[in-house]
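What's in run28.pdb: PDB, N, CA and C atoms, pLDDT in the B column
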```pdb
ATOM      1  N   MET H 243     -27.217-100.104 -31.227  1.00 56.00           N
ATOM      2  CA  MET H 243     -26.090-101.015 -31.291  1.00 56.00           C
ATOM      3  C   MET H 243     -24.909-100.312 -31.950  1.00 56.00           C
ATOM      4  N   SER H 244     -23.731-100.587 -31.452  1.00 72.00           N
ATOM      5  CA  SER H 244     -22.520 -99.995 -31.999  1.00 72.00           C
ATOM      6  C   SER H 244     -22.077-100.712 -33.261  1.00 72.00           C
ATOM      7  N   HIS H 245     -21.260-100.047 -34.028  1.00 94.00           N
ATOM      8  CA  HIS H 245     -20.703-100.613 -35.249  1.00 94.00           C
ATOM      9  C   HIS H 245     -19.651-101.658 -34.894  1.00 94.00           C
ATOM     10  N   ILE H 246     -19.724-102.837 -35.501  1.00 97.00           N
ATOM     11  CA  ILE H 246     -18.771-103.912 -35.248  1.00 97.00           C
ATOM     12  C   ILE H 246     -17.631-103.801 -36.251  1.00 97.00           C
ATOM     13  N   LEU H 247     -16.409-103.803 -35.738  1.00 97.00           N
ATOM     14  CA  LEU H 247     -15.215-103.803 -36.581  1.00 97.00           C
ATOM     15  C   LEU H 247     -14.707-105.239 -36.631  1.00 97.00           C
ATOM     16  N   TRP H 248     -14.923-105.912 -37.768  1.00 97.00           N
ATOM     17  CA  TRP H 248     -14.559-107.320 -37.929  1.00 97.00           C
ATOM     18  C   TRP H 248     -13.106-107.457 -38.352  1.00 97.00           C
ATOM     19  N   GLU H 249     -12.402-108.424 -37.751  1.00 96.00           N
ATOM     20  CA  GLU H 249     -11.045-108.789 -38.168  1.00 96.00           C
ATOM     21  C   GLU H 249     -11.138-109.668 -39.410  1.00 96.00           C
ATOM     22  N   ASP H 250     -10.008-109.888 -40.075  1.00 95.00           N
ATOM     23  CA  ASP H 250      -9.971-110.826 -41.193  1.00 95.00           C
ATOM     24  C   ASP H 250     -10.348-112.215 -40.681  1.00 95.00           C
ATOM     25  N   PRO H 251     -10.939-113.046 -41.528  1.00 93.00           N
ATOM     26  CA  PRO H 251     -11.364-114.379 -41.091  1.00 93.00           C
ATOM     27  C   PRO H 251     -10.188-115.273 -40.687  1.00 93.00           C
ATOM     28  N   PHE H 252     -10.442-116.136 -39.725  1.00 90.00           N
ATOM     29  CA  PHE H 252      -9.522-117.199 -39.335  1.00 90.00           C
ATOM     30  C   PHE H 252     -10.103-118.476 -39.941  1.00 90.00           C
ATOM     31  N   CYS H 253      -9.328-119.113 -40.827  1.00 89.00           N
ATOM     32  CA  CYS H 253      -9.850-120.259 -41.566  1.00 89.00           C
ATOM     33  C   CYS H 253      -8.983-121.492 -41.355  1.00 89.00           C
ATOM     34  N   GLY H 254      -9.630-122.646 -41.369  1.00 80.00           N
ATOM     35  CA  GLY H 254      -8.927-123.917 -41.351  1.00 80.00           C
ATOM     36  C   GLY H 254      -9.188-124.640 -42.649  1.00 80.00           C
ATOM     37  N   ASP H 255      -8.144-125.008 -43.335  1.00 75.00           N
ATOM     38  CA  ASP H 255      -8.270-125.740 -44.601  1.00 75.00           C
ATOM     39  C   ASP H 255      -9.189-125.040 -45.597  1.00 75.00           C
ATOM     40  N   SER H 256      -9.093-123.740 -45.689  1.00 66.00           N
ATOM     41  CA  SER H 256      -9.864-122.926 -46.645  1.00 66.00           C
ATOM     42  C   SER H 256     -11.375-123.004 -46.440  1.00 66.00           C
ATOM     43  N   SER H 257     -11.806-123.462 -45.292  1.00 73.00           N
ATOM     44  CA  SER H 257     -13.227-123.476 -44.977  1.00 73.00           C
ATOM     45  C   SER H 257     -13.378-123.297 -43.474  1.00 73.00           C
ATOM     46  N   ASN H 258     -14.598-123.353 -43.004  1.00 81.00           N
ATOM     47  CA  ASN H 258     -14.849-123.196 -41.574  1.00 81.00           C
ATOM     48  C   ASN H 258     -14.206-121.927 -41.025  1.00 81.00           C
ATOM     49  N   CYS H 259     -14.492-120.808 -41.655  1.00 92.00           N
ATOM     50  CA  CYS H 259     -13.881-119.543 -41.266  1.00 92.00           C
ATOM     51  C   CYS H 259     -14.699-118.835 -40.192  1.00 92.00           C
ATOM     52  N   PHE H 260     -14.000-118.338 -39.198  1.00 93.00           N
ATOM     53  CA  PHE H 260     -14.621-117.563 -38.138  1.00 93.00           C
ATOM     54  C   PHE H 260     -14.061-116.156 -38.161  1.00 93.00           C
ATOM     55  N   ARG H 261     -14.877-115.210 -37.718  1.00 95.00           N
ATOM     56  CA  ARG H 261     -14.429-113.826 -37.617  1.00 95.00           C
ATOM     57  C   ARG H 261     -14.639-113.345 -36.190  1.00 95.00           C
ATOM     58  N   ILE H 262     -13.705-112.558 -35.726  1.00 95.00           N
ATOM     59  CA  ILE H 262     -13.793-111.927 -34.417  1.00 95.00           C
ATOM     60  C   ILE H 262     -13.903-110.430 -34.652  1.00 95.00           C
ATOM     61  N   GLY H 263     -14.806-109.808 -33.914  1.00 96.00           N
ATOM     62  CA  GLY H 263     -14.989-108.370 -34.043  1.00 96.00           C
ATOM     63  C   GLY H 263     -15.124-107.720 -32.681  1.00 96.00           C
ATOM     64  N   THR H 264     -14.964-106.414 -32.660  1.00 96.00           N
ATOM     65  CA  THR H 264     -15.151-105.628 -31.443  1.00 96.00           C
ATOM     66  C   THR H 264     -15.917-104.363 -31.791  1.00 96.00           C
ATOM     67  N   ASP H 265     -16.466-103.734 -30.762  1.00 96.00           N
ATOM     68  CA  ASP H 265     -17.105-102.433 -30.973  1.00 96.00           C
ATOM     69  C   ASP H 265     -16.522-101.420 -29.990  1.00 96.00           C
ATOM     70  N   SER H 266     -16.964-100.208 -30.087  1.00 95.00           N
ATOM     71  CA  SER H 266     -16.400 -99.128 -29.277  1.00 95.00           C
ATOM     72  C   SER H 266     -16.908 -99.124 -27.837  1.00 95.00           C
ATOM     73  N   THR H 267     -17.853-100.004 -27.509  1.00 94.00           N
ATOM     74  CA  THR H 267     -18.397-100.025 -26.148  1.00 94.00           C
ATOM     75  C   THR H 267     -17.862-101.180 -25.314  1.00 94.00           C
ATOM     76  N   GLY H 268     -16.841-101.899 -25.817  1.00 91.00           N
ATOM     77  CA  GLY H 268     -16.212-102.953 -25.043  1.00 91.00           C
ATOM     78  C   GLY H 268     -16.761-104.346 -25.270  1.00 91.00           C
ATOM     79  N   ASN H 269     -17.549-104.529 -26.314  1.00 95.00           N
ATOM     80  CA  ASN H 269     -18.098-105.851 -26.624  1.00 95.00           C
ATOM     81  C   ASN H 269     -17.238-106.557 -27.657  1.00 95.00           C
ATOM     82  N   ALA H 270     -17.268-107.892 -27.606  1.00 96.00           N
ATOM     83  CA  ALA H 270     -16.567-108.722 -28.578  1.00 96.00           C
ATOM     84  C   ALA H 270     -17.582-109.632 -29.248  1.00 96.00           C
ATOM     85  N   TYR H 271     -17.300-110.009 -30.496  1.00 97.00           N
ATOM     86  CA  TYR H 271     -18.232-110.800 -31.300  1.00 97.00           C
ATOM     87  C   TYR H 271     -17.471-111.906 -32.000  1.00 97.00           C
ATOM     88  N   ILE H 272     -18.119-113.068 -32.150  1.00 96.00           N
ATOM     89  CA  ILE H 272     -17.583-114.177 -32.945  1.00 96.00           C
ATOM     90  C   ILE H 272     -18.693-114.627 -33.877  1.00 96.00           C
ATOM     91  N   ALA H 273     -18.346-114.808 -35.160  1.00 96.00           N
ATOM     92  CA  ALA H 273     -19.333-115.226 -36.156  1.00 96.00           C
ATOM     93  C   ALA H 273     -18.655-116.103 -37.202  1.00 96.00           C
ATOM     94  N   VAL H 274     -19.457-116.869 -37.896  1.00 94.00           N
ATOM     95  CA  VAL H 274     -18.979-117.603 -39.065  1.00 94.00           C
ATOM     96  C   VAL H 274     -18.838-116.591 -40.191  1.00 94.00           C
ATOM     97  N   SER H 275     -17.735-116.660 -40.901  1.00 93.00           N
ATOM     98  CA  SER H 275     -17.507-115.730 -42.009  1.00 93.00           C
ATOM     99  C   SER H 275     -18.624-115.856 -43.038  1.00 93.00           C
ATOM    100  N   GLY H 276     -19.193-114.744 -43.396  1.00 93.00           N
ATOM    101  CA  GLY H 276     -20.297-114.714 -44.337  1.00 93.00           C
ATOM    102  C   GLY H 276     -21.652-114.689 -43.655  1.00 93.00           C
ATOM    103  N   ALA H 277     -21.664-114.912 -42.347  1.00 94.00           N
ATOM    104  CA  ALA H 277     -22.914-114.893 -41.571  1.00 94.00           C
ATOM    105  C   ALA H 277     -22.755-113.988 -40.355  1.00 94.00           C
ATOM    106  N   GLU H 278     -22.145-112.841 -40.569  1.00 95.00           N
ATOM    107  CA  GLU H 278     -21.831-111.930 -39.478  1.00 95.00           C
ATOM    108  C   GLU H 278     -23.065-111.347 -38.787  1.00 95.00           C
ATOM    109  N   ASP H 279     -24.220-111.480 -39.404  1.00 94.00           N
ATOM    110  CA  ASP H 279     -25.448-111.016 -38.758  1.00 94.00           C
ATOM    111  C   ASP H 279     -25.899-111.954 -37.643  1.00 94.00           C
ATOM    112  N   HIS H 280     -25.315-113.142 -37.585  1.00 96.00           N
ATOM    113  CA  HIS H 280     -25.657-114.155 -36.568  1.00 96.00           C
ATOM    114  C   HIS H 280     -24.404-114.417 -35.731  1.00 96.00           C
ATOM    115  N   TYR H 281     -24.225-113.667 -34.683  1.00 96.00           N
ATOM    116  CA  TYR H 281     -23.000-113.734 -33.898  1.00 96.00           C
ATOM    117  C   TYR H 281     -23.283-114.064 -32.438  1.00 96.00           C
ATOM    118  N   VAL H 282     -22.204-114.462 -31.763  1.00 96.00           N
ATOM    119  CA  VAL H 282     -22.206-114.626 -30.315  1.00 96.00           C
ATOM    120  C   VAL H 282     -21.465-113.412 -29.772  1.00 96.00           C
ATOM    121  N   THR H 283     -21.978-112.823 -28.707  1.00 96.00           N
ATOM    122  CA  THR H 283     -21.333-111.639 -28.166  1.00 96.00           C
ATOM    123  C   THR H 283     -21.144-111.748 -26.662  1.00 96.00           C
ATOM    124  N   ASP H 284     -20.092-111.126 -26.189  1.00 96.00           N
ATOM    125  CA  ASP H 284     -19.777-111.033 -24.764  1.00 96.00           C
ATOM    126  C   ASP H 284     -18.805-109.866 -24.626  1.00 96.00           C
ATOM    127  N   THR H 285     -18.208-109.726 -23.450  1.00 95.00           N
ATOM    128  CA  THR H 285     -17.271-108.629 -23.241  1.00 95.00           C
ATOM    129  C   THR H 285     -15.911-108.957 -23.854  1.00 95.00           C
ATOM    130  N   ARG H 286     -15.099-107.939 -24.047  1.00 93.00           N
ATOM    131  CA  ARG H 286     -13.741-108.178 -24.525  1.00 93.00           C
ATOM    132  C   ARG H 286     -12.955-108.996 -23.515  1.00 93.00           C
ATOM    133  N   ASP H 287     -13.223-108.788 -22.225  1.00 94.00           N
ATOM    134  CA  ASP H 287     -12.543-109.588 -21.198  1.00 94.00           C
ATOM    135  C   ASP H 287     -12.886-111.067 -21.350  1.00 94.00           C
ATOM    136  N   ALA H 288     -14.131-111.385 -21.656  1.00 95.00           N
ATOM    137  CA  ALA H 288     -14.534-112.776 -21.868  1.00 95.00           C
ATOM    138  C   ALA H 288     -13.844-113.351 -23.097  1.00 95.00           C
ATOM    139  N   LEU H 289     -13.741-112.575 -24.167  1.00 92.00           N
ATOM    140  CA  LEU H 289     -13.039-113.034 -25.367  1.00 92.00           C
ATOM    141  C   LEU H 289     -11.565-113.263 -25.057  1.00 92.00           C
ATOM    142  N   ARG H 290     -10.965-112.350 -24.321  1.00 93.00           N
ATOM    143  CA  ARG H 290      -9.563-112.482 -23.936  1.00 93.00           C
ATOM    144  C   ARG H 290      -9.352-113.781 -23.146  1.00 93.00           C
ATOM    145  N   ALA H 291     -10.231-114.070 -22.189  1.00 96.00           N
ATOM    146  CA  ALA H 291     -10.123-115.292 -21.396  1.00 96.00           C
ATOM    147  C   ALA H 291     -10.289-116.532 -22.275  1.00 96.00           C
ATOM    148  N   LEU H 292     -11.242-116.496 -23.217  1.00 93.00           N
ATOM    149  CA  LEU H 292     -11.444-117.615 -24.137  1.00 93.00           C
ATOM    150  C   LEU H 292     -10.184-117.888 -24.948  1.00 93.00           C
ATOM    151  N   ILE H 293      -9.595-116.858 -25.509  1.00 93.00           N
ATOM    152  CA  ILE H 293      -8.388-117.023 -26.328  1.00 93.00           C
ATOM    153  C   ILE H 293      -7.245-117.565 -25.488  1.00 93.00           C
ATOM    154  N   ARG H 294      -7.065-117.039 -24.279  1.00 96.00           N
ATOM    155  CA  ARG H 294      -5.999-117.542 -23.400  1.00 96.00           C
ATOM    156  C   ARG H 294      -6.206-119.015 -23.057  1.00 96.00           C
ATOM    157  N   ASP H 295      -7.445-119.386 -22.757  1.00 97.00           N
ATOM    158  CA  ASP H 295      -7.722-120.787 -22.432  1.00 97.00           C
ATOM    159  C   ASP H 295      -7.482-121.698 -23.627  1.00 97.00           C
ATOM    160  N   ILE H 296      -7.867-121.268 -24.813  1.00 94.00           N
ATOM    161  CA  ILE H 296      -7.622-122.065 -26.014  1.00 94.00           C
ATOM    162  C   ILE H 296      -6.119-122.220 -26.236  1.00 94.00           C
ATOM    163  N   LYS H 297      -5.376-121.126 -26.101  1.00 95.00           N
ATOM    164  CA  LYS H 297      -3.932-121.189 -26.275  1.00 95.00           C
ATOM    165  C   LYS H 297      -3.271-122.076 -25.233  1.00 95.00           C
ATOM    166  N   ALA H 298      -3.850-122.170 -24.043  1.00 97.00           N
ATOM    167  CA  ALA H 298      -3.327-123.003 -22.974  1.00 97.00           C
ATOM    168  C   ALA H 298      -3.701-124.475 -23.145  1.00 97.00           C
ATOM    169  N   GLY H 299      -4.475-124.786 -24.175  1.00 96.00           N
ATOM    170  CA  GLY H 299      -4.801-126.180 -24.466  1.00 96.00           C
ATOM    171  C   GLY H 299      -6.087-126.682 -23.822  1.00 96.00           C
ATOM    172  N   LYS H 300      -6.848-125.795 -23.229  1.00 97.00           N
ATOM    173  CA  LYS H 300      -8.066-126.241 -22.529  1.00 97.00           C
ATOM    174  C   LYS H 300      -9.182-126.682 -23.462  1.00 97.00           C
ATOM    175  N   ALA H 301      -9.014-126.489 -24.761  1.00 94.00           N
ATOM    176  CA  ALA H 301     -10.028-126.945 -25.724  1.00 94.00           C
ATOM    177  C   ALA H 301      -9.476-128.028 -26.645  1.00 94.00           C
ATOM    178  N   ASP H 302      -8.292-128.522 -26.347  1.00 95.00           N
ATOM    179  CA  ASP H 302      -7.659-129.522 -27.215  1.00 95.00           C
ATOM    180  C   ASP H 302      -8.512-130.788 -27.348  1.00 95.00           C
ATOM    181  N   HIS H 303      -9.295-131.118 -26.366  1.00 94.00           N
ATOM    182  CA  HIS H 303     -10.137-132.317 -26.440  1.00 94.00           C
ATOM    183  C   HIS H 303     -11.202-132.199 -27.527  1.00 94.00           C
ATOM    184  N   LEU H 304     -11.414-131.001 -28.040  1.00 88.00           N
ATOM    185  CA  LEU H 304     -12.400-130.799 -29.110  1.00 88.00           C
ATOM    186  C   LEU H 304     -11.792-131.043 -30.496  1.00 88.00           C
ATOM    187  N   LEU H 305     -10.493-131.173 -30.557  1.00 85.00           N
ATOM    188  CA  LEU H 305      -9.816-131.358 -31.844  1.00 85.00           C
ATOM    189  C   LEU H 305      -9.835-132.793 -32.293  1.00 85.00           C
TER     190      LEU H 305
END
```

What would the structure in this file look like if it were written as C-alpha cells?
Amino acid sequence: MSHILWEDPFCGDSSNCFRIGTDSTGNAYIAVSGAEDHYVTDTRDALRALIRDIKAGKADHLL
C-alpha cells in the first residue's frame, strides 16, 4: 500500500471532522479525523466527481 498524504481536516462546528487524502498511485481516501486507519477509498477521479456533485447541490437533501 502506498503512503497516504492527508489534507488538514474539514470540520463543522468544531466537530465531525473529515480528512481527504491521496497517494502516489492515483487513489483518494476519506476518513473521520482521528480514525484515519478506517477509510473509504476510490480513484481520484471518483473523489473529483463527488466534490463536484456536492458543490452542485446534489447532496443538499442530506443537510

Notebook entry, point to check: chain H: which residues are helix (DSSP H, G or I) by DSSP, as a PyMOL selection string?
Noted result: chain H and resi 286-297+302-304

Item checked: For H:Asp250: contacts at 7 Å, only N, CA and C atoms, fewer than 5 positions along chain excluded, given as a PyMOL selection string -> chain H and resi 260-262

Note to self: Just want the 7 Å neighbourhood of H:Ala270, counted on all atoms listed in the file, with same-chain residues fewer than 4 positions away dropped. Output as a list in words.
What the structure shows: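 Neighbouring residues, sequence-local ones excluded: Ile262, Gly263, Thr264, Asp265, Val282, Thr283, Asp284, Thr285, Arg286, Asp287 and Leu289 of chain H.
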
Next item on the list: Tell me which residues the PyMOL selection byres (((chain H and resi 275 and name CA) around 9) and name CA) grabs here, as a PyMOL selection string.
Entry: chain H and resi 251-253+258-261+273-274+276-278

Notebook entry, point to check: Just how far from atom CA of H:Ala298 is atom CA of H:Ser266, in Å to one decimal?
Noted result: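 Atom CA of H:Ala298 lies 27.9 Å from atom CA of H:Ser266.
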
Notebook entry, point to check: Please, what distance in Å, to one decimal, runs between atom CA of H:Arg290 and atom N of H:His303?
Noted result: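 One can read the atom CA of H:Arg290 to atom N of H:His303 distance as 18.8 Å.
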
Centre, edges in Å (one decimal): axis-aligned box, stretch 279-294 of chain H, 3 Å padding on all six sides, as JSON:
```
{"center_x": -15.9, "center_y": -113.5, "center_z": -30.3, "size_x": 25.9, "size_y": 17.1, "size_z": 24.2}
```

Checklist line | Point-to-point distance from atom C of H:Ala301 to atom CA of H:Ala288, Å rounded to tenths | finding: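 If I compute the distance from atom C of H:Ala301 to atom CA of H:Ala288, I get 16.8 Å.
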
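Using only C-alpha atoms, the nearest neighbour of H:Ile293 within the list H:Asp255, H:Ile272, H:Thr267, H:His245 is H:Ile272.
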
Next item on the list: Enumerate the residues of chain H with a DSSP assignment of strand (DSSP E), computed from the backbone, and present them as a ChimeraX atom specification.
Entry: /H:247-248,252-254,257-264,269-274,281-285

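Nearest residue to H:Gly268 among H:Lys297, H:Ile246, H:His280, H:Gly254 is H:Ile246, counting only C-alpha atoms.
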